[in-house]
>>> print(open('query.cif').read())   # mmCIF, C-alpha atoms
data_run
loop_
_atom_site.label_atom_id
_atom_site.label_comp_id
_atom_site.auth_asym_id
_atom_site.auth_seq_id
_atom_site.Cartn_x
_atom_site.Cartn_y
_atom_site.Cartn_z
CA MET G 25 -6.56 65.46 -15.26
CA ASP G 26 -3.36 67.45 -15.05
CA GLU G 27 -0.73 66.89 -12.38
CA GLN G 28 -1.52 69.99 -10.28
CA THR G 29 -5.22 69.16 -10.08
CA ARG G 30 -4.42 65.59 -9.09
CA TYR G 31 -2.13 66.79 -6.22
CA ARG G 32 -4.86 69.17 -5.00
CA ALA G 33 -7.51 66.44 -5.05
CA THR G 34 -5.23 63.96 -3.24
CA GLY G 35 -4.27 66.56 -0.62
CA SER G 36 -7.91 67.54 -0.07
CA LEU G 37 -8.93 63.90 0.44
CA PHE G 38 -6.06 63.41 2.91
CA LEU G 39 -7.04 66.51 4.94
CA LEU G 40 -10.69 65.44 4.92
CA ALA G 41 -9.76 61.95 6.24
CA VAL G 42 -7.58 63.46 9.00
CA ALA G 43 -10.41 65.80 9.98
CA ILE G 44 -12.95 62.94 10.10
CA ILE G 45 -10.64 60.88 12.31
CA CYS G 46 -9.13 63.54 14.59
CA LEU G 47 -11.92 66.11 15.14
CA PRO G 48 -14.20 63.77 17.08
CA MET G 49 -11.30 62.93 19.38
CA LEU G 50 -10.54 66.58 20.03
CA LEU G 51 -14.14 67.70 20.51
CA ASP G 52 -15.35 64.67 22.45
CA GLY G 53 -14.87 66.11 25.87
CA GLU G 54 -14.33 63.63 28.67
CA GLY G 55 -14.40 60.58 26.48
CA THR G 56 -15.91 57.33 27.70
CA ARG G 57 -16.50 56.81 31.35
CA PRO G 58 -14.81 53.84 33.02
CA MET G 59 -17.06 50.90 33.85
CA GLN G 60 -17.32 49.55 37.35
CA ILE G 61 -17.12 45.79 37.49
CA ALA G 62 -18.19 43.92 40.58
CA PRO G 63 -15.38 41.89 42.16
CA LEU G 64 -15.52 38.13 41.74
CA SER G 65 -16.82 36.23 44.68
CA VAL G 66 -14.71 33.40 46.04
CA PRO G 67 -16.69 30.24 46.82
CA GLU G 68 -16.69 29.27 50.46
CA SER G 69 -16.06 25.58 49.76
CA MET G 70 -13.95 24.03 47.05
CA PRO G 71 -15.57 21.46 44.74
CA GLU G 72 -15.05 17.80 45.50
CA VAL G 73 -12.14 16.02 43.89
CA VAL G 74 -13.37 13.26 41.60
CA ARG G 75 -11.06 10.33 41.05
CA LEU G 76 -10.46 9.21 37.47
CA SER G 77 -11.30 5.62 38.35
CA GLU G 78 -14.78 6.75 39.39
CA VAL G 79 -15.44 8.47 36.04
CA ALA G 80 -13.47 6.53 33.41
CA PRO G 81 -14.42 2.95 32.60
CA GLN G 82 -11.94 0.18 33.32
CA SER G 83 -9.76 -0.65 30.31
CA ASP G 84 -7.71 -3.61 29.22
CA LEU G 85 -5.35 -1.35 27.24
CA ALA G 86 -2.29 -2.12 29.37
CA ALA G 87 -2.86 -5.87 28.98
CA ARG G 88 -3.27 -5.51 25.20
CA VAL G 89 -0.05 -3.46 24.95
CA GLU G 90 1.87 -6.11 26.90
CA GLU G 91 0.41 -8.84 24.67
CA LEU G 92 1.50 -6.94 21.53
CA GLN G 93 4.99 -6.37 22.95
CA ALA G 94 5.32 -10.12 23.46
CA GLN G 95 4.47 -10.69 19.77
CA VAL G 96 6.96 -8.13 18.39
CA ASP G 97 10.77 -8.11 18.55
CA ALA G 98 12.98 -5.07 19.20
CA ASP G 99 13.25 -4.25 15.47
CA GLY G 100 9.48 -4.06 14.98
CA PHE G 101 8.90 -7.46 13.35
CA TYR G 102 6.34 -10.05 14.40
CA THR G 103 8.09 -12.99 16.03
CA ASP G 104 5.80 -15.62 14.45
CA SER G 105 5.71 -14.44 10.81
CA ALA G 106 8.91 -12.30 10.73
CA SER G 107 6.94 -9.56 8.92
CA ARG G 108 7.24 -5.90 9.83
CA VAL G 109 4.46 -4.51 12.03
CA GLY G 110 2.02 -2.40 10.01
CA GLU G 111 2.79 -4.02 6.67
CA PRO G 112 0.77 -6.79 5.02
CA VAL G 113 1.77 -10.28 6.12
CA LEU G 114 2.42 -12.78 3.34
CA THR G 115 2.48 -16.46 4.29
CA LEU G 116 2.25 -19.76 2.47
CA PRO G 117 -1.41 -20.52 1.69
CA ASP G 118 -3.30 -23.33 3.36
CA GLU G 119 -6.87 -24.61 3.26
CA GLN G 120 -7.97 -21.75 5.59
CA THR G 121 -6.77 -19.00 3.20
CA ARG G 122 -9.53 -16.60 2.15
CA ILE G 123 -7.51 -13.62 0.94
CA TRP G 124 -4.75 -13.98 -1.65
CA ALA G 125 -1.78 -12.05 -2.98
CA VAL G 126 0.76 -12.72 -5.71
CA GLN G 127 4.40 -12.22 -4.73
CA VAL G 128 6.23 -11.01 -7.82
CA ALA G 129 9.79 -10.74 -6.51
CA SER G 130 11.89 -10.14 -3.40
CA PHE G 131 14.98 -7.96 -3.04
CA LYS G 132 17.55 -7.22 -0.37
CA ASP G 133 17.81 -3.69 -1.79
CA VAL G 134 14.70 -1.71 -0.85
CA GLU G 135 15.19 0.76 -3.72
CA ARG G 136 14.97 -2.03 -6.32
CA ALA G 137 11.81 -3.29 -4.61
CA ARG G 138 10.26 0.20 -4.62
CA LYS G 139 11.15 0.64 -8.29
CA LEU G 140 9.39 -2.61 -9.25
CA ARG G 141 6.40 -1.74 -7.05
CA ASP G 142 6.11 1.66 -8.76
CA GLU G 143 6.37 0.07 -12.22
CA LEU G 144 3.58 -2.34 -11.35
CA ARG G 145 1.44 0.51 -10.04
CA THR G 146 1.89 2.49 -13.26
CA GLN G 147 0.66 -0.63 -15.12
CA GLY G 148 -2.52 -0.52 -12.99
CA TYR G 149 -1.77 -3.22 -10.40
CA GLU G 150 -2.35 -2.78 -6.66
CA ALA G 151 1.28 -3.43 -5.74
CA PHE G 152 2.72 -3.17 -2.23
CA LEU G 153 5.84 -4.02 -0.23
CA SER G 154 6.09 -6.48 2.63
CA THR G 155 9.36 -6.67 4.57
CA LEU G 156 10.52 -10.01 5.92
CA LYS G 157 13.28 -10.45 8.52
CA LEU G 158 15.54 -13.46 8.08
CA GLY G 159 18.17 -13.34 10.83
CA ASP G 160 20.00 -10.05 10.33
CA GLU G 161 18.88 -9.66 6.70
CA ARG G 162 15.75 -7.95 5.40
CA LEU G 163 13.92 -9.13 2.29
CA ASN G 164 11.64 -6.60 0.62
CA ARG G 165 8.90 -8.54 -1.11
CA VAL G 166 6.91 -6.96 -3.94
CA ALA G 167 3.39 -8.32 -4.21
CA VAL G 168 0.07 -7.54 -5.85
CA GLY G 169 -3.26 -7.90 -4.07
CA PRO G 170 -5.29 -8.51 -2.03
CA LEU G 171 -7.59 -10.76 -4.02
CA LEU G 172 -10.70 -12.51 -2.67
CA SER G 173 -10.83 -15.24 -5.31
CA LYS G 174 -8.24 -17.98 -5.68
CA THR G 175 -9.14 -18.28 -9.36
CA ASP G 176 -8.41 -14.58 -9.92
CA ALA G 177 -5.18 -14.93 -7.94
CA LEU G 178 -4.02 -17.89 -10.08
CA ALA G 179 -4.80 -15.97 -13.28
CA LEU G 180 -2.92 -12.92 -11.99
CA GLN G 181 0.00 -15.16 -11.02
CA GLN G 182 0.28 -16.42 -14.58
CA THR G 183 -0.03 -12.92 -16.05
CA LEU G 184 2.61 -11.43 -13.74
CA SER G 185 4.98 -14.37 -14.27
CA ALA G 186 4.87 -13.70 -18.00
CA GLU G 187 5.31 -9.92 -17.58
CA VAL G 188 8.31 -10.01 -15.21
CA GLU G 189 9.76 -13.14 -16.82
CA GLN G 190 10.14 -15.04 -13.55
CA GLU G 191 7.85 -17.27 -11.50
CA ALA G 192 5.46 -15.31 -9.27
CA ALA G 193 4.29 -17.02 -6.08
CA LEU G 194 0.77 -17.38 -4.76
CA MET G 195 0.62 -16.24 -1.11
CA ALA G 196 -1.91 -15.87 1.69
CA PHE G 197 -2.55 -12.22 2.60
CA SER G 198 -3.32 -10.86 6.07
CA ASN G 199 -2.78 -7.68 8.05
#
>>> encode(input="query.cif", output="structure tokens")
Amino acid sequence: MDEQTRYRATGSLFLLAVAIICLPMLLDGEGTRPMQIAPLSVPESMPEVVRLSEVAPQSDLAARVEELQAQVDADGFYTDSASRVGEPVLTLPDEQTRIWAVQVASFKDVERARKLRDELRTQGYEAFLSTLKLGDERLNRVAVGPLLSKTDALALQQTLSAEVEQEAALMAFSN
């Protein structure tokens, strides 16, 4: 198709589109008639006010919040275990322990702890951090777990001790 024919075809299509859009508007006449909508009626009496205490059940939420505040210090650490709220709690195991973890190392520097945790994760271990508050210092513990069997935990302790070339510790795990 040569250039002149293409310009003519494009111009014709443009004029046809304008005609299709504009002619009905010009030849429509009055257009659409406005609709009459009935005014809204105002109710004679307002609905009754329902108190929240009548609808919502009683809750012990405030008491539970106060109880939790008593268990946590201003820095966000549990007062009994010195572990950070929201992180796994590692304690010394006792005869009641049902869930185990193996503490591989602890660092004051959180970046070193994260680096070791990431290395353990790339090796396929379920590694995590647990922060412990000792006075004004923070210890970032790197551990692997949780494990449901003490036998598996002891075997993992030996394996990790050999891999990191330092003694790993068997710990009780809780949330």
>>> atom_distance(input="query.cif", atom1="atom CA of Thr121 of chain G", atom2="atom CA of Lys174 of chain G")
9.1 Å
>>> atom_distance(input="query.cif", atom1="atom CA of Asp104 of chain G", atom2="atom CA of Ser83 of chain G")
26.8 Å
>>> atom_distance(input="query.cif", atom1="atom CA of Trp124 of chain G", atom2="atom CA of Leu171 of chain G")
4.9 Å
>>> closest_residue(input="query.cif", among="G:Leu163, G:Ile61, G:Leu50, G:Leu39", to="Phe131 of chain G", atoms="all atoms listed in the file")
G:Leu163
>>> residues_near_point(input="query.cif", point="(0.6, -11.8, -2.6)", cutoff="7 Å", atoms="only C-alpha atoms", output="VMD selection string")
chain G and resid 114 124 to 127 167 to 170 194 to 197
>>> resolve_selection(input="query.cif", expression="the PyMOL selection byres ((chain G and resi 110) around 10)", output="ChimeraX atom specification")
/G:100-102,107-109,111-113,154,199
>>> residues_around(input="query.cif", residues="Glu135 of chain G", least_positions_apart="4", cutoff="12 Å", atoms="all atoms listed in the file", output="JSON list (two decimals) with C-alpha atoms, in the coordinates of the input")
[["chain", "number", "residue", "atom", "x", "y", "z"],
["G", 130, "SER", "CA", 11.89, -10.14, -3.40],
["G", 131, "PHE", "CA", 14.98, -7.96, -3.04],
["G", 139, "LYS", "CA", 11.15, 0.64, -8.29],
["G", 140, "LEU", "CA", 9.39, -2.61, -9.25],
["G", 141, "ARG", "CA", 6.40, -1.74, -7.05],
["G", 142, "ASP", "CA", 6.11, 1.66, -8.76],
["G", 153, "LEU", "CA", 5.84, -4.02, -0.23],
["G", 163, "LEU", "CA", 13.92, -9.13, 2.29],
["G", 164, "ASN", "CA", 11.64, -6.60, 0.62],
["G", 165, "ARG", "CA", 8.90, -8.54, -1.11],
["G", 166, "VAL", "CA", 6.91, -6.96, -3.94]]
>>> closest_residue(input="query.cif", among="G:Leu180, G:Glu90, G:Ser173, G:Leu40", to="Arg122 of chain G", atoms="only C-alpha atoms")
G:Ser173
